[in-house]
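Shown next, in structure tokens, is the structure this report addresses.
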Amino acid sequence: MPHDVTAPRAGETTATPDVPYYLPTGSERALFETAHKNRLPLLLKGPTGCGKTRFVAHMAARLGLPLHTVSCHDDLTAADLTGRYLLKGGETVWVDGPLTRAVREGGICYLDEVVEARKDVTVVLHPLTDDRRLLPLERTGELLEAPDNFMLVVSYNPGYQNVLKSLKPSTRQRFLALDMGYPAPEQETQIVVSETGIETDRAQMLVMVANRIRGLQGVDLEEAVSTRLLVYCATLLQAGRPLNEAVQAAIIEPLSDEADVKQGLSETIDALLG
């Protein structure tokens, strides 16, 4: 991803007590701000643990917007997003879902791993992702128009895409899209240091391990080592745990349940670290 003026300059910080830490790797902050200003929806694509959710939280705080986050799953329905009638105190009352609250009040509605949700969810999103910016609520008879400060952001992991779980082209083309890969080694090292306080040379060692595993061929891994796992590993090291234990618990075990795969990872890391 090309670098631009959104990358931190000398003396610039990317976090305050109210803004979660996030280190830009390119022009993603500028693109997000432009999308919000122009009322455009945004799709984030990238592997697990590369910083998609942290990026959205950072941008919501940076823009001063409420954030409504939904972790999508197989049983998530359109009603879970829009709302439903519930029995309260002997009365049946309508309770808004997170998407409806965001449309009514403004703010960012973030659907994490949207492809995991049921297909009726994307049908609800379509009127919000074009120039209408409308949310029909059939159960209440309302037709809500999104305010200017409403923004829809969704994410998914292309590595998990298959025939049954993918975004249709007609849905993808309703969004701006941003590809978020793993940071460059220098940036990933800085992230690990900033998140955990670990020494730079030890963070560099963990990043080197991650990149070696990411480059392995013929290893049966659904996912590579995420930046999140490196932060976990560094946290264990900072807490005084031995290196081999931290690597085993934060890198090897989360990546696979297969004994031969774990053995191969251990041998690779041992050879790299000496």
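We name chains A, B, ... following the order of the structure tokens; residues begin at 1 in each chain, and ligands are numbered from 1 as shown.
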
What residues in range 19-72 of chain A get the DSSP label helix (DSSP H, G or I)? Please answer as a list in words. Glu28, Arg29, Ala30, Leu31, Phe32, Glu33, Thr34, Ala35, His36, Lys37, Lys52, Thr53, Arg54, Phe55, Val56, Ala57, His58, Met59, Ala60, Ala61, Arg62 and Leu63 of chain A

Can you pull out the residues contacting range 190-195 of chain A? Cut-off 12 Å, using only C-alpha atoms, and skip same-chain residues under 6 positions away; I want them as number ranges by chain. A: 8, 13-15, 20-25, 50-51, 54, 182-184, 201-207, 226-235, 237-238

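Residues within 7 Å of Val153 in chain A, counting only C-alpha atoms and excluding same-chain residues fewer than 5 positions away, are Pro41, Leu42, Leu43, Cys109, Tyr110 and Leu111 of chain A.
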
Using N, CA and C atoms, can you export the residues from the last selection as a short mmCIF file (atom, residue, chain, number, x, y, z; two decimals), in the first residue's frame?
```cif
data_model
loop_
_atom_site.label_atom_id
_atom_site.label_comp_id
_atom_site.auth_asym_id
_atom_site.auth_seq_id
_atom_site.Cartn_x
_atom_site.Cartn_y
_atom_site.Cartn_z
N PRO A 41 -20.25 4.03 1.71
CA PRO A 41 -19.96 2.85 2.54
C PRO A 41 -18.58 2.30 2.23
N LEU A 42 -17.99 1.60 3.20
CA LEU A 42 -16.62 1.12 3.06
C LEU A 42 -16.52 -0.35 3.42
N LEU A 43 -15.81 -1.10 2.59
CA LEU A 43 -15.54 -2.52 2.80
C LEU A 43 -14.07 -2.70 3.11
N CYS A 109 -21.80 2.14 11.85
CA CYS A 109 -22.22 0.76 12.10
C CYS A 109 -21.20 -0.13 11.41
N TYR A 110 -20.50 -0.95 12.21
CA TYR A 110 -19.43 -1.80 11.69
C TYR A 110 -19.85 -3.26 11.81
N LEU A 111 -19.96 -3.93 10.65
CA LEU A 111 -20.31 -5.35 10.62
C LEU A 111 -19.04 -6.14 10.34
#
```

Mind running range 129-237 of chain A against range 26-34 of chain A at 10 Å and telling me each contacting residue's nearest atom pair with the distance in Å (one decimal), counting only C-alpha atoms, chain and number ascending, as JSON lines?
```
{"residue": "A:Met151", "atom": "CA", "partner": "A:Phe32", "partner_atom": "CA", "distance": 9.9}
{"residue": "A:Val153", "atom": "CA", "partner": "A:Phe32", "partner_atom": "CA", "distance": 9.6}
{"residue": "A:Leu176", "atom": "CA", "partner": "A:Leu31", "partner_atom": "CA", "distance": 9.2}
{"residue": "A:Ala177", "atom": "CA", "partner": "A:Leu31", "partner_atom": "CA", "distance": 9.7}
{"residue": "A:Leu178", "atom": "CA", "partner": "A:Glu28", "partner_atom": "CA", "distance": 7.5}
{"residue": "A:Asp179", "atom": "CA", "partner": "A:Glu28", "partner_atom": "CA", "distance": 9.2}
{"residue": "A:Met180", "atom": "CA", "partner": "A:Glu28", "partner_atom": "CA", "distance": 8.7}
{"residue": "A:Pro183", "atom": "CA", "partner": "A:Gly26", "partner_atom": "CA", "distance": 9.6}
```

Keeping C-alpha atoms for every residue in the selection just given, could you write it to a file as a JSON list (two decimals), in the first residue's frame?
```
[["chain", "number", "residue", "atom", "x", "y", "z"],
["A", 151, "MET", "CA", -21.49, 5.47, 7.85],
["A", 153, "VAL", "CA", -18.47, -0.21, 7.32],
["A", 176, "LEU", "CA", -15.53, 1.43, -1.59],
["A", 177, "ALA", "CA", -12.98, -1.27, -0.73],
["A", 178, "LEU", "CA", -9.72, -1.14, 1.18],
["A", 179, "ASP", "CA", -7.28, -4.05, 1.23],
["A", 180, "MET", "CA", -5.63, -4.29, 4.65],
["A", 183, "PRO", "CA", 2.09, -4.16, 8.06]]
```

Could you pull out all residues of range 69-262 of chain A with a DSSP call of strand (DSSP E or B) and give them as a VMD selection string? chain A and resid 69 to 71 83 to 88 91 to 96 107 to 112 134 to 137 142 to 145 150 to 156 176 to 179

Can you spit out the residues from that selection as an mmCIF file, in the first residue's frame, using C-alpha atoms?
```
data_model
loop_
_atom_site.group_PDB
_atom_site.id
_atom_site.type_symbol
_atom_site.label_atom_id
_atom_site.label_comp_id
_atom_site.auth_asym_id
_atom_site.auth_seq_id
_atom_site.Cartn_x
_atom_site.Cartn_y
_atom_site.Cartn_z
ATOM 1 C CA THR A 69 -20.012 -2.992 16.249
ATOM 2 C CA VAL A 70 -21.647 -6.278 15.270
ATOM 3 C CA SER A 71 -19.650 -9.520 15.126
ATOM 4 C CA GLY A 83 -34.749 -4.812 15.755
ATOM 5 C CA ARG A 84 -37.758 -6.747 16.927
ATOM 6 C CA TYR A 85 -40.782 -6.603 19.195
ATOM 7 C CA LEU A 86 -40.068 -7.825 22.731
ATOM 8 C CA LEU A 87 -42.266 -8.389 25.764
ATOM 9 C CA LYS A 88 -41.368 -5.924 28.530
ATOM 10 C CA GLU A 91 -46.274 -4.937 27.052
ATOM 11 C CA THR A 92 -44.961 -5.609 23.577
ATOM 12 C CA VAL A 93 -42.453 -2.920 22.614
ATOM 13 C CA TRP A 94 -40.210 -2.381 19.634
ATOM 14 C CA VAL A 95 -36.465 -2.504 20.395
ATOM 15 C CA ASP A 96 -34.051 -1.137 17.806
ATOM 16 C CA GLY A 107 -22.446 7.178 13.814
ATOM 17 C CA ILE A 108 -20.641 4.200 12.360
ATOM 18 C CA CYS A 109 -22.218 0.760 12.101
ATOM 19 C CA TYR A 110 -19.433 -1.805 11.689
ATOM 20 C CA LEU A 111 -20.314 -5.345 10.617
ATOM 21 C CA ASP A 112 -17.270 -7.521 11.279
ATOM 22 C CA LEU A 134 -32.668 4.303 3.501
ATOM 23 C CA LEU A 135 -33.534 1.642 6.067
ATOM 24 C CA PRO A 136 -37.042 0.195 5.654
ATOM 25 C CA LEU A 137 -38.505 -1.269 8.836
ATOM 26 C CA GLU A 142 -41.021 3.172 9.137
ATOM 27 C CA LEU A 143 -38.687 4.273 6.374
ATOM 28 C CA LEU A 144 -35.606 5.751 8.020
ATOM 29 C CA GLU A 145 -33.292 8.064 6.133
ATOM 30 C CA PHE A 150 -24.041 7.808 9.420
ATOM 31 C CA MET A 151 -21.487 5.474 7.852
ATOM 32 C CA LEU A 152 -21.714 1.770 7.083
ATOM 33 C CA VAL A 153 -18.467 -0.207 7.322
ATOM 34 C CA VAL A 154 -18.196 -3.957 6.771
ATOM 35 C CA SER A 155 -15.247 -6.321 6.776
ATOM 36 C CA TYR A 156 -14.404 -9.837 5.753
ATOM 37 C CA LEU A 176 -15.525 1.426 -1.588
ATOM 38 C CA ALA A 177 -12.982 -1.267 -0.735
ATOM 39 C CA LEU A 178 -9.722 -1.145 1.176
ATOM 40 C CA ASP A 179 -7.275 -4.049 1.230
#
```

Skip Glu116 in chain A itself and residues of its chain fewer than 3 positions away, then list as an MDAnalysis selection string all residues within 12 Å of it, counting only C-alpha atoms. chainID A and resid 70:77 111:113 119:122 154:158 160:162 164:167

Any idea what's packed within 9 Å of range 208-218 of chain A, counting only C-alpha atoms, ignoring anything in its chain fewer than 5 positions away? Could you give it as an MDAnalysis selection string? chainID A and resid 185 203 223:227 230 251 265 268:269 272:273

Generate the output file for the selected residues, N, CA, C and O atoms, as an mmCIF file, in the first residue's frame.
```
data_model
loop_
_atom_site.group_PDB
_atom_site.id
_atom_site.type_symbol
_atom_site.label_atom_id
_atom_site.label_comp_id
_atom_site.auth_asym_id
_atom_site.auth_seq_id
_atom_site.Cartn_x
_atom_site.Cartn_y
_atom_site.Cartn_z
ATOM 1 N N PRO A 185 7.494 -4.954 7.984
ATOM 2 C CA PRO A 185 8.193 -5.350 9.215
ATOM 3 C C PRO A 185 8.504 -4.206 10.168
ATOM 4 O O PRO A 185 8.317 -4.339 11.391
ATOM 5 N N ALA A 203 10.869 -7.370 19.725
ATOM 6 C CA ALA A 203 9.745 -7.224 18.798
ATOM 7 C C ALA A 203 10.171 -7.569 17.379
ATOM 8 O O ALA A 203 9.443 -8.233 16.635
ATOM 9 N N GLU A 223 -4.715 -19.770 8.386
ATOM 10 C CA GLU A 223 -4.308 -18.384 8.581
ATOM 11 C C GLU A 223 -2.839 -18.341 8.957
ATOM 12 O O GLU A 223 -2.302 -19.277 9.553
ATOM 13 N N ALA A 224 -2.179 -17.236 8.630
ATOM 14 C CA ALA A 224 -0.803 -17.027 9.044
ATOM 15 C C ALA A 224 -0.787 -16.345 10.415
ATOM 16 O O ALA A 224 -1.828 -16.097 11.023
ATOM 17 N N VAL A 225 0.397 -16.051 10.897
ATOM 18 C CA VAL A 225 0.533 -15.381 12.190
ATOM 19 C C VAL A 225 0.021 -13.947 12.059
ATOM 20 O O VAL A 225 0.490 -13.186 11.222
ATOM 21 N N SER A 226 -0.925 -13.575 12.890
ATOM 22 C CA SER A 226 -1.482 -12.227 12.839
ATOM 23 C C SER A 226 -0.673 -11.277 13.714
ATOM 24 O O SER A 226 0.057 -11.702 14.622
ATOM 25 N N THR A 227 -0.815 -10.000 13.442
ATOM 26 C CA THR A 227 -0.207 -8.991 14.313
ATOM 27 C C THR A 227 -0.752 -9.123 15.727
ATOM 28 O O THR A 227 -0.026 -8.922 16.706
ATOM 29 N N LEU A 230 1.209 -11.638 17.625
ATOM 30 C CA LEU A 230 2.521 -11.121 18.013
ATOM 31 C C LEU A 230 2.405 -10.247 19.258
ATOM 32 O O LEU A 230 3.275 -10.291 20.143
ATOM 33 N N ILE A 251 1.650 -18.376 19.403
ATOM 34 C CA ILE A 251 1.850 -18.486 17.960
ATOM 35 C C ILE A 251 1.521 -19.890 17.452
ATOM 36 O O ILE A 251 0.650 -20.057 16.585
ATOM 37 N N LEU A 265 6.076 -26.205 12.631
ATOM 38 C CA LEU A 265 6.222 -24.808 13.030
ATOM 39 C C LEU A 265 7.295 -24.655 14.100
ATOM 40 O O LEU A 265 8.115 -23.717 14.055
ATOM 41 N N THR A 268 10.697 -24.929 12.517
ATOM 42 C CA THR A 268 11.002 -23.713 11.756
ATOM 43 C C THR A 268 11.436 -22.586 12.667
ATOM 44 O O THR A 268 12.421 -21.885 12.415
ATOM 45 N N ILE A 269 10.684 -22.395 13.754
ATOM 46 C CA ILE A 269 10.998 -21.306 14.683
ATOM 47 C C ILE A 269 12.304 -21.569 15.416
ATOM 48 O O ILE A 269 13.126 -20.659 15.592
ATOM 49 N N LEU A 272 15.139 -20.763 13.236
ATOM 50 C CA LEU A 272 15.264 -19.332 12.999
ATOM 51 C C LEU A 272 15.878 -18.627 14.199
ATOM 52 O O LEU A 272 16.713 -17.729 14.055
ATOM 53 N N LEU A 273 15.480 -19.070 15.402
ATOM 54 C CA LEU A 273 15.939 -18.398 16.612
ATOM 55 C C LEU A 273 17.241 -18.983 17.148
ATOM 56 O O LEU A 273 17.869 -18.409 18.039
#
```
